[in-house]
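Trainee: I have a structure I would like to understand better, so I am pasting it below and will then ask my questions one at a time.
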Amino acid sequence: MPAATEGLTTPAERRAAIPALELMDLRVGYGRVEVLHDVTLVVPRGAVVALMGPNGAGKTTLLNVAAGLLEPTQGCVHVSGIHVNGVAPEVFARAGVCSIPEGRGVFPNLTVRENLRVFSHATSYSLGHLEAVAFEHFPKLAERRSQLAGTLSGGERQMLSMCRAFTSEPVILLLDEISMGLAPIIVGELYEKVGQLAASGIAILLVEQFAAAALGVADYAAIMRQGRIETVGEPADVAGSLSEAYLGRLSA
Ligand code: ATP
């Protein structure tokens with residue numbers, strides 16, 4: 001990736017070039033077991049970065065650090081240039097981080113509408129506005145507005161979860177395996193929405209096993225193995241490393 005401020009002259013240009021997310025020299029562990037070792041990854045403003053690699057490589061752990069759910073034992077996390085190490089996840093959210101975790105991230109015992117009401121607490125918009133935005137993007141949810149989220153299909157639940165991104169206008173969106181357990185046609189629909197979010201200028205860091213879907217929207221791909229980022233580059237440039245990872249020649 002080019003240096004963010006390369007060739008820029010005015011203060012406004014420099015401000016606009018501050019990356020959405022910078023993870024620098026991170027060491028992260030669970031108890032005494034370190035699982036991320038000196039990880040550095042930058043997500044430029046408005047760019048989509050696909051984080052890929054075998055099971056257990058540390059991808060979800062990295063997303064959890066970026067969401068403020070895990071604190072690194074070493075290194076820095078910057079959101080829009082602001083140092084956010086050690087602050088609560090709500091502060092990460094206020095700084096512009098929107099996290100959509102694996103497993104849908106909705107409240108199963110609340111209806112679709114009630115879930116949207118919860119999402120609305122993180123924004124200055126009214127519930128009516130959020131419903132209009134959510135139902136415009138996902139008309140199926142309008143039909144199910146009074147249904148408990150726990151009774152929705154997997155794809156509908158993922159759509160509801162993604163409404164968070166459409167309604168909170170984040171600086172950086174973290175998506176963890178949104179395709180998990182879904183039929184390819186639904187995955188295609190969801191990635192169309194990811195493409196729209198990216199086109200609206202939201203930076204996205206996504207973890208995805210469905211390589212074709214992820215690389216279809218990604219500006220850059222980062223390949224992770226055994227708690228380290230091995231390769232970062234444009235999708236076409238990392239294809240070799242990626243196929244090695246997916247052919248299983250690399251272990252976690
Ligand atoms: P997958 O693709 O299978 O989801 P991943 O690349 O997202 O894997 P992580 O889930 O980040 O990998 O796990 C990285 C390592 O950290 C693994 O060895 C895992 O067993 C370990 N790990 C993850 N969560 C915990 C936890 N809560 N407590 C202890 N170890 C954990």
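Lettering and numbering for the structure tokens are positional, with chains as A, B, ... in the shown order, residues counted from 1 in each chain, and ligands counted from 1 in the shown order.
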Please tabulate, as a Markdown table, the residues of chain A that come within 9 Å of ligand 1, each with its closest pair of atoms and the distance in Å to one decimal, counting only C-alpha atoms and all ligand atoms and ordering rows by chain, then residue number upward.
Mentor:
```
| residue | atom | partner | partner_atom_place_in_ligand_line | distance |
| --- | --- | --- | --- | --- |
| A:Gly29 | CA | ligand 1 | 16 (O) | 7.5 |
| A:Tyr30 | CA | ligand 1 | 29 (C) | 4.9 |
| A:Gly31 | CA | ligand 1 | 29 (C) | 7.3 |
| A:Val33 | CA | ligand 1 | 30 (N) | 7.5 |
| A:Glu34 | CA | ligand 1 | 16 (O) | 8.0 |
| A:Val35 | CA | ligand 1 | 16 (O) | 5.4 |
| A:Leu36 | CA | ligand 1 | 14 (C) | 7.8 |
| A:Met52 | CA | ligand 1 | 6 (O) | 7.9 |
| A:Gly53 | CA | ligand 1 | 6 (O) | 6.5 |
| A:Pro54 | CA | ligand 1 | 2 (O) | 5.8 |
| A:Asn55 | CA | ligand 1 | 3 (O) | 3.5 |
| A:Gly56 | CA | ligand 1 | 12 (O) | 3.5 |
| A:Ala57 | CA | ligand 1 | 6 (O) | 3.7 |
| A:Gly58 | CA | ligand 1 | 11 (O) | 3.2 |
| A:Lys59 | CA | ligand 1 | 6 (O) | 3.8 |
| A:Thr60 | CA | ligand 1 | 7 (O) | 3.7 |
| A:Thr61 | CA | ligand 1 | 11 (O) | 3.7 |
| A:Leu62 | CA | ligand 1 | 11 (O) | 6.5 |
| A:Leu63 | CA | ligand 1 | 11 (O) | 8.1 |
| A:Asn64 | CA | ligand 1 | 11 (O) | 8.3 |
| A:Glu102 | CA | ligand 1 | 4 (O) | 8.7 |
| A:Asp176 | CA | ligand 1 | 7 (O) | 8.4 |
| A:Glu177 | CA | ligand 1 | 4 (O) | 8.3 |
| A:Val207 | CA | ligand 1 | 7 (O) | 7.9 |
| A:Glu208 | CA | ligand 1 | 2 (O) | 8.2 |
| A:Gln209 | CA | ligand 1 | 2 (O) | 7.4 |
| A:Met224 | CA | ligand 1 | 6 (O) | 7.7 |
| A:Arg225 | CA | ligand 1 | 6 (O) | 7.9 |
| A:Gln226 | CA | ligand 1 | 14 (C) | 7.9 |
| A:Gly227 | CA | ligand 1 | 14 (C) | 7.0 |
| A:Ala252 | CA | ligand 1 | 6 (O) | 7.6 |
```
Trainee: Give me the residues near segment 108-112 of chain A as a list of chain:residue names, where near means some atom within 8 Å (using only C-alpha atoms) and where sequence neighbours in that chain fewer than 4 positions away do not count.
Mentor: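 These residues fall inside the cut-off: A:Leu116, A:Leu141, A:Arg144, A:Arg145, A:Ser146, A:Gln147, A:Leu148, A:Ala149, A:Gly150, A:Thr151, A:Leu160.
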Trainee: Applying 10 Å and only C-alpha atoms, which residues near Thr40 of chain A remain after dropping the ones on its own chain fewer than 5 positions away? List them as an MDAnalysis selection string.
Mentor: chainID A and resid 22:27 75:77 228:229
Trainee: Considering only strand (DSSP E or B) as DSSP defines it on the backbone, what residues of segment 84-171 of chain A qualify? List them as a PyMOL selection string.
Mentor: chain A and resi 97-100+111+148
Trainee: Keeping N, CA, C and O atoms for every residue in the selection just given, could you write it to a file as a PDB file, in the first residue's frame?
Mentor:
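Output file result18.pdb is given in full below:
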```pdb
ATOM      1  N   VAL A  97     -16.013   2.994  14.926  1.00  0.00           N
ATOM      2  CA  VAL A  97     -15.845   1.565  14.630  1.00  0.00           C
ATOM      3  C   VAL A  97     -17.201   0.871  14.746  1.00  0.00           C
ATOM      4  O   VAL A  97     -17.874   0.998  15.771  1.00  0.00           O
ATOM      5  N   CYS A  98     -17.599   0.167  13.710  1.00  0.00           N
ATOM      6  CA  CYS A  98     -18.825  -0.635  13.764  1.00  0.00           C
ATOM      7  C   CYS A  98     -18.426  -2.084  13.554  1.00  0.00           C
ATOM      8  O   CYS A  98     -17.815  -2.429  12.540  1.00  0.00           O
ATOM      9  N   SER A  99     -18.760  -2.930  14.526  1.00  0.00           N
ATOM     10  CA  SER A  99     -18.340  -4.327  14.456  1.00  0.00           C
ATOM     11  C   SER A  99     -19.550  -5.228  14.252  1.00  0.00           C
ATOM     12  O   SER A  99     -20.530  -5.134  14.992  1.00  0.00           O
ATOM     13  N   ILE A 100     -19.483  -6.074  13.244  1.00  0.00           N
ATOM     14  CA  ILE A 100     -20.542  -7.068  13.020  1.00  0.00           C
ATOM     15  C   ILE A 100     -19.895  -8.431  13.217  1.00  0.00           C
ATOM     16  O   ILE A 100     -19.195  -8.928  12.343  1.00  0.00           O
ATOM     17  N   THR A 111     -37.713  -8.209  18.601  1.00  0.00           N
ATOM     18  CA  THR A 111     -38.190  -8.219  17.217  1.00  0.00           C
ATOM     19  C   THR A 111     -37.205  -7.444  16.342  1.00  0.00           C
ATOM     20  O   THR A 111     -36.302  -6.762  16.847  1.00  0.00           O
ATOM     21  N   LEU A 148     -39.572 -12.047  15.967  1.00  0.00           N
ATOM     22  CA  LEU A 148     -38.380 -12.120  16.818  1.00  0.00           C
ATOM     23  C   LEU A 148     -37.156 -12.441  15.957  1.00  0.00           C
ATOM     24  O   LEU A 148     -37.220 -13.314  15.076  1.00  0.00           O
TER      25      LEU A 148
END
```
Trainee: Counting only C-alpha atoms, what is within 10 Å of Gly201 of chain A, bar same-chain residues fewer than 6 positions away, as a list in words?
Mentor: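 Near neighbours after the sequence-gap exclusion: Arg45, Gly46, Ala47, Val48, Glu169, Pro170, Val171 and Ile172 of chain A.
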Trainee: May I have the residues from that selection written out with C-alpha atoms, as a PDB file, in the first residue's frame?
Mentor:
```pdb
ATOM      1  CA  ARG A  45      -9.824   5.606   4.559  1.00  0.00           C
ATOM      2  CA  GLY A  46     -12.528   4.201   2.286  1.00  0.00           C
ATOM      3  CA  ALA A  47     -10.583   1.027   1.408  1.00  0.00           C
ATOM      4  CA  VAL A  48     -11.717  -2.575   1.745  1.00  0.00           C
ATOM      5  CA  GLU A 169     -22.264   5.634   9.166  1.00  0.00           C
ATOM      6  CA  PRO A 170     -19.010   4.286  10.582  1.00  0.00           C
ATOM      7  CA  VAL A 171     -15.459   5.237   9.637  1.00  0.00           C
ATOM      8  CA  ILE A 172     -14.481   1.570   9.702  1.00  0.00           C
TER       9      ILE A 172
END
```
